[in-house]
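The structure file protein.pdb is reproduced below (PDB, C-alpha atoms).
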```
MODEL        1
ATOM      1  CA  MET A   1     -16.415 -75.457 -54.335
ATOM      2  CA  ALA A   2     -20.160 -75.755 -54.237
ATOM      3  CA  ALA A   3     -22.347 -74.632 -51.393
ATOM      4  CA  ALA A   4     -25.678 -76.336 -50.847
ATOM      5  CA  VAL A   5     -27.460 -73.172 -49.785
ATOM      6  CA  GLY A   6     -27.104 -69.520 -50.797
ATOM      7  CA  TYR A   7     -25.902 -66.866 -48.337
ATOM      8  CA  ASP A   8     -28.817 -64.584 -49.180
ATOM      9  CA  ASP A   9     -31.309 -67.365 -48.439
ATOM     10  CA  VAL A  10     -30.083 -67.835 -44.860
ATOM     11  CA  LYS A  11     -31.172 -65.795 -41.841
ATOM     12  CA  VAL A  12     -29.737 -65.660 -38.334
ATOM     13  CA  GLY A  13     -31.851 -68.078 -36.298
ATOM     14  CA  ASP A  14     -32.364 -70.538 -39.178
ATOM     15  CA  GLU A  15     -32.180 -74.164 -38.095
ATOM     16  CA  LEU A  16     -29.950 -76.732 -39.745
ATOM     17  CA  PRO A  17     -31.651 -79.885 -41.011
ATOM     18  CA  ARG A  18     -32.183 -82.137 -37.994
ATOM     19  CA  LEU A  19     -30.309 -85.427 -38.184
ATOM     20  CA  VAL A  20     -31.236 -88.599 -36.277
ATOM     21  CA  ILE A  21     -28.813 -91.557 -36.270
ATOM     22  CA  GLY A  22     -29.112 -94.840 -34.407
ATOM     23  CA  PRO A  23     -29.458 -96.950 -32.459
ATOM     24  CA  LEU A  24     -25.650 -97.076 -32.583
ATOM     25  CA  THR A  25     -24.121-100.547 -32.534
ATOM     26  CA  ARG A  26     -20.793-102.049 -31.511
ATOM     27  CA  GLN A  27     -20.152-102.657 -35.182
ATOM     28  CA  ASP A  28     -20.515 -98.914 -35.857
ATOM     29  CA  ILE A  29     -17.947 -98.216 -33.138
ATOM     30  CA  VAL A  30     -15.496-100.801 -34.465
ATOM     31  CA  GLN A  31     -15.940 -99.496 -38.006
ATOM     32  CA  TYR A  32     -15.046 -95.968 -36.858
ATOM     33  CA  ALA A  33     -12.119 -97.311 -34.788
ATOM     34  CA  GLY A  34     -10.662 -98.836 -37.942
ATOM     35  CA  ALA A  35     -11.340 -95.822 -40.150
ATOM     36  CA  ALA A  36      -9.877 -93.318 -37.664
ATOM     37  CA  TRP A  37      -7.223 -95.635 -36.139
ATOM     38  CA  ASP A  38      -8.648 -95.054 -32.681
ATOM     39  CA  PHE A  39      -7.912 -98.240 -30.765
ATOM     40  CA  SER A  40      -8.364 -97.270 -27.143
ATOM     41  CA  PRO A  41      -9.734-100.398 -25.399
ATOM     42  CA  LEU A  42     -12.439 -98.136 -23.940
ATOM     43  CA  HIS A  43     -14.218 -98.497 -27.281
ATOM     44  CA  TYR A  44     -14.228-102.267 -27.856
ATOM     45  CA  ASP A  45     -12.945-104.262 -24.837
ATOM     46  CA  GLN A  46     -15.842-105.289 -22.536
ATOM     47  CA  PRO A  47     -13.709-106.728 -19.657
ATOM     48  CA  PHE A  48     -11.576-103.566 -19.771
ATOM     49  CA  VAL A  49     -14.523-101.175 -19.476
ATOM     50  CA  GLU A  50     -16.157-103.259 -16.730
ATOM     51  CA  ALA A  51     -12.915-103.155 -14.733
ATOM     52  CA  ALA A  52     -13.005 -99.372 -15.185
ATOM     53  CA  GLY A  53     -16.526 -99.317 -13.715
ATOM     54  CA  LEU A  54     -18.352 -98.502 -16.952
ATOM     55  CA  PRO A  55     -21.518-100.312 -18.044
ATOM     56  CA  ASN A  56     -20.470-100.789 -21.671
ATOM     57  CA  VAL A  57     -17.969 -99.831 -24.333
ATOM     58  CA  VAL A  58     -18.009 -96.091 -25.030
ATOM     59  CA  VAL A  59     -18.765 -94.383 -28.329
ATOM     60  CA  MET A  60     -15.748 -92.241 -29.261
ATOM     61  CA  GLY A  61     -16.562 -88.565 -28.909
ATOM     62  CA  MET A  62     -14.964 -87.924 -32.282
ATOM     63  CA  PHE A  63     -17.187 -90.573 -33.891
ATOM     64  CA  THR A  64     -20.229 -88.686 -32.627
ATOM     65  CA  ALA A  65     -18.652 -85.376 -33.709
ATOM     66  CA  GLY A  66     -18.066 -86.882 -37.164
ATOM     67  CA  MET A  67     -21.681 -88.011 -37.499
ATOM     68  CA  ALA A  68     -22.870 -84.613 -36.305
ATOM     69  CA  SER A  69     -20.650 -82.771 -38.822
ATOM     70  CA  ARG A  70     -23.030 -84.012 -41.514
ATOM     71  CA  CYS A  71     -25.593 -81.583 -40.093
ATOM     72  CA  ILE A  72     -23.320 -78.759 -41.282
ATOM     73  CA  THR A  73     -22.205 -80.292 -44.586
ATOM     74  CA  ASP A  74     -25.802 -81.203 -45.538
ATOM     75  CA  PHE A  75     -26.632 -77.545 -44.965
ATOM     76  CA  ALA A  76     -23.546 -75.748 -46.310
ATOM     77  CA  GLY A  77     -22.098 -78.369 -48.661
ATOM     78  CA  ALA A  78     -19.097 -80.707 -48.460
ATOM     79  CA  GLY A  79     -15.798 -78.836 -48.279
ATOM     80  CA  GLN A  80     -17.514 -75.635 -47.070
ATOM     81  CA  VAL A  81     -16.788 -75.961 -43.328
ATOM     82  CA  ARG A  82     -14.110 -73.512 -42.157
ATOM     83  CA  ASP A  83     -14.185 -74.258 -38.439
ATOM     84  CA  TYR A  84     -15.761 -76.986 -36.340
ATOM     85  CA  LYS A  85     -15.398 -77.138 -32.582
ATOM     86  CA  VAL A  86     -16.915 -79.663 -30.195
ATOM     87  CA  ARG A  87     -17.002 -80.093 -26.442
ATOM     88  CA  PHE A  88     -17.704 -83.557 -25.099
ATOM     89  CA  VAL A  89     -20.328 -83.311 -22.370
ATOM     90  CA  ALA A  90     -21.567 -86.875 -21.742
ATOM     91  CA  ARG A  91     -20.718 -90.393 -22.862
ATOM     92  CA  LEU A  92     -22.759 -92.356 -25.393
ATOM     93  CA  TYR A  93     -23.100 -96.154 -25.455
ATOM     94  CA  PRO A  94     -24.232 -98.821 -27.936
ATOM     95  CA  GLY A  95     -28.023 -98.679 -28.221
ATOM     96  CA  ASP A  96     -28.113 -94.886 -27.996
ATOM     97  CA  THR A  97     -29.747 -92.853 -30.749
ATOM     98  CA  ILE A  98     -28.413 -89.383 -31.409
ATOM     99  CA  THR A  99     -30.235 -86.288 -32.595
ATOM    100  CA  CYS A 100     -28.137 -83.470 -34.040
ATOM    101  CA  THR A 101     -29.566 -79.974 -34.271
ATOM    102  CA  GLY A 102     -28.030 -76.631 -35.061
ATOM    103  CA  ARG A 103     -28.799 -73.055 -35.857
ATOM    104  CA  VAL A 104     -27.207 -70.044 -37.488
ATOM    105  CA  THR A 105     -26.113 -67.342 -35.033
ATOM    106  CA  ARG A 106     -24.166 -64.932 -37.266
ATOM    107  CA  LYS A 107     -23.676 -63.942 -40.931
ATOM    108  CA  PHE A 108     -20.669 -61.982 -42.118
ATOM    109  CA  GLN A 109     -18.186 -61.582 -44.936
ATOM    110  CA  ALA A 110     -14.437 -62.018 -44.485
ATOM    111  CA  GLY A 111     -11.481 -62.972 -46.667
ATOM    112  CA  GLY A 112     -13.636 -62.800 -49.798
ATOM    113  CA  GLU A 113     -16.038 -65.395 -48.416
ATOM    114  CA  ARG A 114     -19.646 -65.220 -47.298
ATOM    115  CA  LEU A 115     -19.708 -66.965 -43.953
ATOM    116  CA  VAL A 116     -22.164 -68.178 -41.362
ATOM    117  CA  GLU A 117     -21.476 -69.209 -37.797
ATOM    118  CA  GLY A 118     -23.693 -71.329 -35.650
ATOM    119  CA  GLU A 119     -24.159 -73.704 -32.755
ATOM    120  CA  LEU A 120     -24.607 -77.443 -32.831
ATOM    121  CA  LEU A 121     -26.037 -79.803 -30.234
ATOM    122  CA  VAL A 122     -26.041 -83.594 -30.061
ATOM    123  CA  THR A 123     -28.472 -85.225 -27.642
ATOM    124  CA  ASN A 124     -29.255 -88.855 -26.838
ATOM    125  CA  GLN A 125     -32.729 -90.439 -26.838
ATOM    126  CA  LYS A 126     -33.348 -89.089 -23.305
ATOM    127  CA  GLY A 127     -32.609 -85.543 -24.436
ATOM    128  CA  GLU A 128     -29.305 -85.406 -22.527
ATOM    129  CA  VAL A 129     -26.605 -83.354 -24.214
ATOM    130  CA  ALA A 130     -23.632 -85.444 -25.418
ATOM    131  CA  ILE A 131     -21.845 -82.753 -27.439
ATOM    132  CA  SER A 132     -22.146 -79.020 -27.705
ATOM    133  CA  GLY A 133     -20.363 -77.438 -30.611
ATOM    134  CA  SER A 134     -19.981 -74.521 -32.954
ATOM    135  CA  PHE A 135     -19.146 -74.081 -36.628
ATOM    136  CA  ARG A 136     -18.237 -71.598 -39.318
ATOM    137  CA  ALA A 137     -19.010 -72.362 -42.966
ATOM    138  CA  ALA A 138     -18.757 -70.596 -46.317
ATOM    139  CA  LEU A 139     -21.930 -70.277 -48.384
ATOM    140  CA  GLY A 140     -22.432 -69.540 -52.061
TER     141      GLY A 140
ATOM    142  CA  MET B 141       0.505 -86.598 -14.234
ATOM    143  CA  VAL B 142       0.274 -83.525 -16.411
ATOM    144  CA  ASP B 143       2.450 -80.527 -15.523
ATOM    145  CA  ARG B 144       3.427 -77.274 -17.217
ATOM    146  CA  SER B 145       6.962 -78.409 -18.046
ATOM    147  CA  TYR B 146       5.538 -80.173 -21.122
ATOM    148  CA  ILE B 147       4.511 -76.883 -22.766
ATOM    149  CA  GLY B 148       6.372 -76.399 -26.038
ATOM    150  CA  LEU B 149       7.207 -80.058 -26.671
ATOM    151  CA  CYS B 150       6.873 -80.622 -30.401
ATOM    152  CA  SER B 151       6.696 -83.678 -32.645
ATOM    153  CA  ARG B 152       8.797 -84.147 -35.765
ATOM    154  CA  THR B 153       7.097 -83.359 -39.094
ATOM    155  CA  PHE B 154       4.750 -86.131 -40.221
ATOM    156  CA  THR B 155       3.479 -86.524 -43.799
ATOM    157  CA  MET B 156       0.412 -88.237 -45.233
ATOM    158  CA  PRO B 157      -1.265 -88.385 -48.630
ATOM    159  CA  ILE B 158      -4.996 -87.631 -48.787
ATOM    160  CA  GLU B 159      -6.344 -90.781 -50.475
ATOM    161  CA  TRP B 160      -9.823 -91.387 -51.855
ATOM    162  CA  GLY B 161     -10.093 -94.867 -50.322
ATOM    163  CA  LYS B 162      -9.472 -93.452 -46.843
ATOM    164  CA  VAL B 163     -11.833 -90.513 -47.333
ATOM    165  CA  ARG B 164     -14.556 -92.886 -48.551
ATOM    166  CA  GLU B 165     -13.945 -95.323 -45.683
ATOM    167  CA  PHE B 166     -14.075 -92.479 -43.140
ATOM    168  CA  ALA B 167     -17.255 -91.011 -44.652
ATOM    169  CA  ARG B 168     -18.902 -94.449 -44.505
ATOM    170  CA  ALA B 169     -17.806 -94.869 -40.877
ATOM    171  CA  ILE B 170     -19.409 -91.549 -39.856
ATOM    172  CA  LYS B 171     -22.514 -92.512 -41.882
ATOM    173  CA  ASP B 172     -22.279 -89.657 -44.339
ATOM    174  CA  PRO B 173     -23.475 -90.746 -47.797
ATOM    175  CA  ASN B 174     -22.628 -87.384 -49.443
ATOM    176  CA  PRO B 175     -21.726 -88.108 -53.106
ATOM    177  CA  ALA B 176     -18.821 -85.644 -52.735
ATOM    178  CA  TYR B 177     -16.958 -88.431 -50.908
ATOM    179  CA  MET B 178     -18.461 -91.418 -52.758
ATOM    180  CA  ASP B 179     -18.499 -90.410 -56.429
ATOM    181  CA  PRO B 180     -15.246 -88.914 -57.839
ATOM    182  CA  GLU B 181     -16.967 -87.767 -61.061
ATOM    183  CA  PHE B 182     -19.617 -85.871 -59.097
ATOM    184  CA  ALA B 183     -16.987 -84.474 -56.713
ATOM    185  CA  ARG B 184     -14.823 -83.117 -59.541
ATOM    186  CA  ARG B 185     -17.800 -81.595 -61.357
ATOM    187  CA  VAL B 186     -19.426 -80.015 -58.309
ATOM    188  CA  HIS B 187     -16.565 -79.400 -55.866
ATOM    189  CA  GLY B 188     -13.484 -79.272 -58.098
ATOM    190  CA  GLY B 189     -12.064 -82.346 -56.366
ATOM    191  CA  ILE B 190     -12.897 -84.855 -53.654
ATOM    192  CA  PRO B 191     -13.130 -82.852 -50.399
ATOM    193  CA  ILE B 192     -12.612 -84.254 -46.901
ATOM    194  CA  PRO B 193     -15.191 -84.489 -44.094
ATOM    195  CA  PRO B 194     -14.676 -81.782 -41.400
ATOM    196  CA  THR B 195     -13.144 -84.218 -38.877
ATOM    197  CA  PHE B 196     -11.156 -86.290 -41.405
ATOM    198  CA  LEU B 197      -7.803 -85.077 -40.051
ATOM    199  CA  MET B 198      -8.392 -87.396 -37.082
ATOM    200  CA  THR B 199      -6.935 -90.035 -39.436
ATOM    201  CA  SER B 200      -3.559 -88.276 -39.267
ATOM    202  CA  MET B 201      -3.145 -89.900 -35.822
ATOM    203  CA  ALA B 202      -2.495 -93.182 -37.624
ATOM    204  CA  TRP B 203       0.692 -91.606 -39.026
ATOM    205  CA  GLU B 204       1.863 -90.356 -35.612
ATOM    206  CA  ILE B 205       1.328 -93.438 -33.453
ATOM    207  CA  PRO B 206       3.327 -94.952 -31.835
ATOM    208  CA  GLU B 207       6.030 -92.314 -32.248
ATOM    209  CA  TRP B 208       3.901 -89.452 -30.919
ATOM    210  CA  GLU B 209       0.825 -89.868 -28.785
ATOM    211  CA  SER B 210      -0.152 -86.589 -27.150
ATOM    212  CA  GLY B 211      -1.658 -88.201 -24.041
ATOM    213  CA  ARG B 212       1.584 -90.076 -23.353
ATOM    214  CA  VAL B 213       3.768 -87.061 -24.166
ATOM    215  CA  ILE B 214       2.041 -85.091 -21.381
ATOM    216  CA  GLN B 215       1.918 -88.181 -19.079
ATOM    217  CA  LEU B 216      -1.881 -87.999 -18.931
ATOM    218  CA  ASP B 217      -3.388 -90.286 -16.319
ATOM    219  CA  TYR B 218      -5.726 -92.103 -18.728
ATOM    220  CA  GLY B 219      -7.720 -93.653 -15.891
ATOM    221  CA  ASN B 220      -8.575 -90.150 -14.726
ATOM    222  CA  GLY B 221      -8.498 -88.107 -17.918
ATOM    223  CA  VAL B 222     -10.587 -87.465 -20.996
ATOM    224  CA  HIS B 223     -10.525 -85.865 -24.422
ATOM    225  CA  GLY B 224     -12.559 -82.787 -23.531
ATOM    226  CA  GLU B 225     -12.692 -80.696 -26.683
ATOM    227  CA  GLN B 226     -11.646 -80.819 -30.304
ATOM    228  CA  GLU B 227     -11.476 -78.142 -32.958
ATOM    229  CA  PHE B 228     -10.554 -78.197 -36.635
ATOM    230  CA  GLU B 229      -9.932 -74.879 -38.300
ATOM    231  CA  LEU B 230      -9.934 -75.487 -42.058
ATOM    232  CA  LEU B 231      -8.072 -72.548 -43.578
ATOM    233  CA  ARG B 232      -7.922 -73.680 -47.213
ATOM    234  CA  PRO B 233      -9.548 -76.451 -49.241
ATOM    235  CA  ILE B 234      -8.056 -79.922 -48.834
ATOM    236  CA  PHE B 235      -8.651 -82.416 -51.650
ATOM    237  CA  VAL B 236      -7.813 -86.024 -52.398
ATOM    238  CA  GLY B 237      -4.407 -85.947 -54.075
ATOM    239  CA  ASP B 238      -2.965 -83.398 -51.646
ATOM    240  CA  VAL B 239      -0.037 -84.361 -49.438
ATOM    241  CA  LEU B 240      -0.139 -82.852 -45.960
ATOM    242  CA  SER B 241       2.758 -82.302 -43.562
ATOM    243  CA  TRP B 242       2.286 -81.316 -39.954
ATOM    244  CA  THR B 243       3.693 -81.146 -36.452
ATOM    245  CA  GLN B 244       1.930 -81.541 -33.121
ATOM    246  CA  ARG B 245       2.873 -79.258 -30.257
ATOM    247  CA  ILE B 246       1.885 -78.993 -26.614
ATOM    248  CA  ALA B 247       0.578 -75.434 -26.953
ATOM    249  CA  ASP B 248      -0.614 -74.825 -23.406
ATOM    250  CA  ILE B 249      -1.233 -76.463 -20.054
ATOM    251  CA  TYR B 250      -3.303 -74.712 -17.412
ATOM    252  CA  GLU B 251      -5.226 -75.468 -14.247
ATOM    253  CA  LYS B 252      -8.721 -74.600 -13.042
ATOM    254  CA  ALA B 253     -10.478 -75.383  -9.791
ATOM    255  CA  GLY B 254     -12.693 -78.453 -10.221
ATOM    256  CA  ALA B 255     -16.392 -78.357  -9.292
ATOM    257  CA  ARG B 256     -15.797 -80.985  -6.561
ATOM    258  CA  GLY B 257     -12.563 -79.461  -5.269
ATOM    259  CA  GLY B 258      -8.991 -80.018  -6.362
ATOM    260  CA  LEU B 259      -7.371 -78.793  -9.538
ATOM    261  CA  MET B 260      -8.350 -79.863 -13.033
ATOM    262  CA  LYS B 261      -5.555 -79.754 -15.587
ATOM    263  CA  PHE B 262      -6.115 -78.824 -19.206
ATOM    264  CA  ALA B 263      -3.614 -79.510 -21.995
ATOM    265  CA  VAL B 264      -4.032 -77.924 -25.421
ATOM    266  CA  ILE B 265      -2.375 -79.838 -28.254
ATOM    267  CA  GLU B 266      -2.123 -77.982 -31.538
ATOM    268  CA  GLY B 267      -1.426 -79.503 -34.956
ATOM    269  CA  ASN B 268      -0.511 -77.232 -37.886
ATOM    270  CA  TYR B 269      -1.043 -78.772 -41.328
ATOM    271  CA  PHE B 270       0.528 -77.613 -44.622
ATOM    272  CA  ASN B 271      -0.096 -78.891 -48.151
ATOM    273  CA  GLN B 272       2.429 -79.805 -50.879
ATOM    274  CA  ARG B 273       2.570 -76.127 -51.933
ATOM    275  CA  GLY B 274       3.517 -75.052 -48.427
ATOM    276  CA  GLU B 275       0.095 -73.464 -47.789
ATOM    277  CA  HIS B 276      -1.193 -73.554 -44.221
ATOM    278  CA  VAL B 277      -4.409 -75.553 -44.672
ATOM    279  CA  ALA B 278      -5.589 -76.560 -41.209
ATOM    280  CA  ILE B 279      -5.116 -76.253 -37.471
ATOM    281  CA  SER B 280      -6.308 -78.899 -35.041
ATOM    282  CA  ARG B 281      -6.713 -78.184 -31.344
ATOM    283  CA  SER B 282      -7.347 -80.941 -28.816
ATOM    284  CA  VAL B 283      -8.009 -80.273 -25.182
ATOM    285  CA  MET B 284      -7.162 -83.158 -22.854
ATOM    286  CA  ILE B 285      -8.468 -82.908 -19.292
ATOM    287  CA  GLU B 286      -7.048 -84.570 -16.180
ATOM    288  CA  PHE B 287      -9.299 -84.563 -13.127
ATOM    289  CA  PRO B 288      -8.040 -84.073  -9.548
ATOM    290  CA  PRO B 289      -6.457 -87.296  -8.188
ATOM    291  CA  LYS B 290      -8.992 -89.503  -6.394
ATOM    292  CA  ALA B 291      -8.534 -89.841  -2.657
ATOM    293  CA  SER B 292      -6.646 -93.012  -1.786
ATOM    294  CA  ALA B 293      -8.900 -95.847  -0.617
ATOM    295  CA  ALA B 294      -6.236 -97.065   1.827
TER     296      ALA B 294
ENDMDL
END
```
Same coordinates, now as structure tokens:
Amino acid sequence: MAAAVGYDDVKVGDELPRLVIGPLTRQDIVQYAGAAWDFSPLHYDQPFVEAAGLPNVVVMGMFTAGMASRCITDFAGAGQVRDYKVRFVARLYPGDTITCTGRVTRKFQAGGERLVEGELLVTNQKGEVAISGSFRAALG
Amino acid sequence: MVDRSYIGLCSRTFTMPIEWGKVREFARAIKDPNPAYMDPEFARRVHGGIPIPPTFLMTSMAWEIPEWESGRVIQLDYGNGVHGEQEFELLRPIFVGDVLSWTQRIADIYEKAGARGGLMKFAVIEGNYFNQRGEHVAISRSVMIEFPPKASAA
């Protein structure tokens, strides 16, 4: 496995590369629905969401979490994530643009691996938090 | 409506192969152009195989539905409930070519007072994934939340 960054080069407090994605479209949502087999009508059926009192179809939380996971894999390398946890705070809709940021909060060694832990935040274009998360990843 | 009697309910064992086409499709859907998922030659040279994105095990749902759908198993009121949290603990590397087997289990159901009164119910659904060598490779934890019933309009 190959890490993108070396353990010795990382300090607690270091920021992950900031990632901006969007504006998100209905096509993006449908593409994720197909890839993840997530066919709740909440994510594609306009009459259904209007009947439920929502302004628009909703971006799946796990779609946003998937996009945000790239923040960690761009930093630590693909296949290096050991734990990824997200809490869904607010809904996102088509037209929204997300910004993913993160930072390292801990460095330690365990199980023969050199690990970092950190926090992750996804906000929309108004700065409102959509997801707050945490991660653990192995570095080289 | 969710209640604690569902704790311990467990699915049968499901099995799925980790396929490059699906990994690539998923990576494209989450807008991750990492060559680890797109270029098998690169992936083998650099990573020792084609790895999976951190949330890729969401695709295992396609192998469970319609037989097992956690929200229905716990009788979640979908009009009044949400997927609140999700965690993937990745214990060992998972590569394209692996075959994973897993079960889903209602690990816990608990209540907390809601901010606007009433009781919020939380259900923790845990999936334990093993590879073709019997190694425990991943744990998924979903938290489904049901809000207090809305007051009747009548």
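For chain B, the residues no farther than 7 Å from chain A when using only C-alpha atoms are Glu165, Phe166, Ala169, Ile170, Lys171, Asp172, Ala176, Val186, His187, Gly188, Pro191, Ile192, Pro193, Pro194, Thr195, Met198, Thr199, Ala202, Gly224, Glu225, Gln226, Glu227, Phe228, Glu229, Leu230, Leu231 and Pro233 of chain B.
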Report summary line: If you count only C-alpha atoms, the residue of A:Ile98, A:Gln46, A:Val5, A:Phe75 closest to Val20 in chain A turns out to be A:Ile98
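Candidate residues B:Leu259, B:Ile246, B:Pro289, B:Gly237 were compared for distance to Arg212 in chain B, and the nearest is B:Ile246, using only C-alpha atoms.
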Report task. Write out as number ranges by chain the residues lying within 8 Å of range 148-158 of chain B, counting all atoms listed in the file and excluding same-chain residues fewer than 2 positions away. Result -> B: 146, 160, 162-163, 200, 203-204, 208, 235-248
Please produce a file of the residues just selected, as a PDB file, in the coordinates of the input, where the atoms kept are C-alpha atoms.
```pdb
ATOM      1  CA  TYR B 146       5.538 -80.173 -21.122  1.00  0.00           C
ATOM      2  CA  TRP B 160      -9.823 -91.387 -51.855  1.00  0.00           C
ATOM      3  CA  LYS B 162      -9.472 -93.452 -46.843  1.00  0.00           C
ATOM      4  CA  VAL B 163     -11.833 -90.513 -47.333  1.00  0.00           C
ATOM      5  CA  SER B 200      -3.559 -88.276 -39.267  1.00  0.00           C
ATOM      6  CA  TRP B 203       0.692 -91.606 -39.026  1.00  0.00           C
ATOM      7  CA  GLU B 204       1.863 -90.356 -35.612  1.00  0.00           C
ATOM      8  CA  TRP B 208       3.901 -89.452 -30.919  1.00  0.00           C
ATOM      9  CA  PHE B 235      -8.651 -82.416 -51.650  1.00  0.00           C
ATOM     10  CA  VAL B 236      -7.813 -86.024 -52.398  1.00  0.00           C
ATOM     11  CA  GLY B 237      -4.407 -85.947 -54.075  1.00  0.00           C
ATOM     12  CA  ASP B 238      -2.965 -83.398 -51.646  1.00  0.00           C
ATOM     13  CA  VAL B 239      -0.037 -84.361 -49.438  1.00  0.00           C
ATOM     14  CA  LEU B 240      -0.139 -82.852 -45.960  1.00  0.00           C
ATOM     15  CA  SER B 241       2.758 -82.302 -43.562  1.00  0.00           C
ATOM     16  CA  TRP B 242       2.286 -81.316 -39.954  1.00  0.00           C
ATOM     17  CA  THR B 243       3.693 -81.146 -36.452  1.00  0.00           C
ATOM     18  CA  GLN B 244       1.930 -81.541 -33.121  1.00  0.00           C
ATOM     19  CA  ARG B 245       2.873 -79.258 -30.257  1.00  0.00           C
ATOM     20  CA  ILE B 246       1.885 -78.993 -26.614  1.00  0.00           C
ATOM     21  CA  ALA B 247       0.578 -75.434 -26.953  1.00  0.00           C
ATOM     22  CA  ASP B 248      -0.614 -74.825 -23.406  1.00  0.00           C
TER      23      ASP B 248
END
```
Query - Result set of the PyMOL selection byres ((chain A and resi 105-113) around 10) on the coordinates above, as a list in words - result: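 In the shown coordinates, the PyMOL selection byres ((chain A and resi 105-113) around 10) covers Tyr7, Asp8, Val10, Lys11, Val12, Gly13, Asp14, Glu15, Gly102, Arg103, Val104, Arg114, Leu115, Val116, Glu117, Gly118, Glu119, Ser134, Phe135, Arg136, Ala137, Ala138, Leu139 and Gly140 of chain A.
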Report task. For CA of Val122 in chain A and CA of Cys100 in chain A, quote the distance in Å rounded to one decimal. Result -> 4.5 Å
Requested in this report: Give me, please, the distance in Å between CA of Thr101 in chain A and CA of Phe196 in chain B, quoted to one decimal.
Outcome: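 CA of Thr101 in chain A sits 20.7 Å away from CA of Phe196 in chain B.
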What are the centre and edge lengths in Å, to one decimal, of the axis-aligned box around all listed atoms of range 108-123 of chain A with 6 Å added on each side, as lines of an AutoDock Vina configuration file?
```
center_x = -20.0
center_y = -73.4
center_z = -38.7
size_x = 29.0
size_y = 35.6
size_z = 34.2
```
Working from the structure I just supplied, which lacks atoms in range 88-103 of chain A, can you model N, CA and C atoms there and output them as a PDB file, in the frame of the given file?
```pdb
ATOM      1  N   PHE A  88     -17.069 -82.290 -25.463  1.00  0.00           N
ATOM      2  CA  PHE A  88     -17.704 -83.557 -25.099  1.00  0.00           C
ATOM      3  C   PHE A  88     -18.304 -83.433 -23.702  1.00  0.00           C
ATOM      4  N   VAL A  89     -19.627 -83.587 -23.618  1.00  0.00           N
ATOM      5  CA  VAL A  89     -20.328 -83.311 -22.370  1.00  0.00           C
ATOM      6  C   VAL A  89     -20.680 -84.611 -21.640  1.00  0.00           C
ATOM      7  N   ALA A  90     -21.181 -85.608 -22.380  1.00  0.00           N
ATOM      8  CA  ALA A  90     -21.567 -86.875 -21.742  1.00  0.00           C
ATOM      9  C   ALA A  90     -21.248 -88.038 -22.680  1.00  0.00           C
ATOM     10  N   ARG A  91     -21.047 -89.205 -22.068  1.00  0.00           N
ATOM     11  CA  ARG A  91     -20.718 -90.393 -22.862  1.00  0.00           C
ATOM     12  C   ARG A  91     -21.953 -90.964 -23.551  1.00  0.00           C
ATOM     13  N   LEU A  92     -21.718 -91.599 -24.698  1.00  0.00           N
ATOM     14  CA  LEU A  92     -22.759 -92.356 -25.393  1.00  0.00           C
ATOM     15  C   LEU A  92     -22.339 -93.817 -25.441  1.00  0.00           C
ATOM     16  N   TYR A  93     -23.348 -94.713 -25.472  1.00  0.00           N
ATOM     17  CA  TYR A  93     -23.100 -96.154 -25.455  1.00  0.00           C
ATOM     18  C   TYR A  93     -23.852 -96.837 -26.601  1.00  0.00           C
ATOM     19  N   PRO A  94     -23.469 -98.084 -26.936  1.00  0.00           N
ATOM     20  CA  PRO A  94     -24.232 -98.821 -27.936  1.00  0.00           C
ATOM     21  C   PRO A  94     -25.709 -98.843 -27.525  1.00  0.00           C
ATOM     22  N   GLY A  95     -26.586 -98.723 -28.500  1.00  0.00           N
ATOM     23  CA  GLY A  95     -28.023 -98.679 -28.221  1.00  0.00           C
ATOM     24  C   GLY A  95     -28.566 -97.259 -28.213  1.00  0.00           C
ATOM     25  N   ASP A  96     -27.667 -96.283 -28.018  1.00  0.00           N
ATOM     26  CA  ASP A  96     -28.113 -94.886 -27.996  1.00  0.00           C
ATOM     27  C   ASP A  96     -28.437 -94.402 -29.410  1.00  0.00           C
ATOM     28  N   THR A  97     -29.395 -93.525 -29.490  1.00  0.00           N
ATOM     29  CA  THR A  97     -29.747 -92.853 -30.749  1.00  0.00           C
ATOM     30  C   THR A  97     -29.464 -91.372 -30.573  1.00  0.00           C
ATOM     31  N   ILE A  98     -28.758 -90.798 -31.546  1.00  0.00           N
ATOM     32  CA  ILE A  98     -28.413 -89.383 -31.409  1.00  0.00           C
ATOM     33  C   ILE A  98     -29.287 -88.510 -32.313  1.00  0.00           C
ATOM     34  N   THR A  99     -29.558 -87.320 -31.810  1.00  0.00           N
ATOM     35  CA  THR A  99     -30.235 -86.288 -32.595  1.00  0.00           C
ATOM     36  C   THR A  99     -29.311 -85.080 -32.649  1.00  0.00           C
ATOM     37  N   CYS A 100     -29.018 -84.620 -33.869  1.00  0.00           N
ATOM     38  CA  CYS A 100     -28.137 -83.470 -34.040  1.00  0.00           C
ATOM     39  C   CYS A 100     -28.978 -82.304 -34.549  1.00  0.00           C
ATOM     40  N   THR A 101     -28.859 -81.176 -33.853  1.00  0.00           N
ATOM     41  CA  THR A 101     -29.566 -79.974 -34.271  1.00  0.00           C
ATOM     42  C   THR A 101     -28.574 -78.819 -34.280  1.00  0.00           C
ATOM     43  N   GLY A 102     -28.919 -77.788 -35.018  1.00  0.00           N
ATOM     44  CA  GLY A 102     -28.030 -76.631 -35.061  1.00  0.00           C
ATOM     45  C   GLY A 102     -28.786 -75.427 -35.545  1.00  0.00           C
ATOM     46  N   ARG A 103     -28.158 -74.258 -35.311  1.00  0.00           N
ATOM     47  CA  ARG A 103     -28.799 -73.055 -35.857  1.00  0.00           C
ATOM     48  C   ARG A 103     -27.752 -71.992 -36.133  1.00  0.00           C
TER      49      ARG A 103
END
```
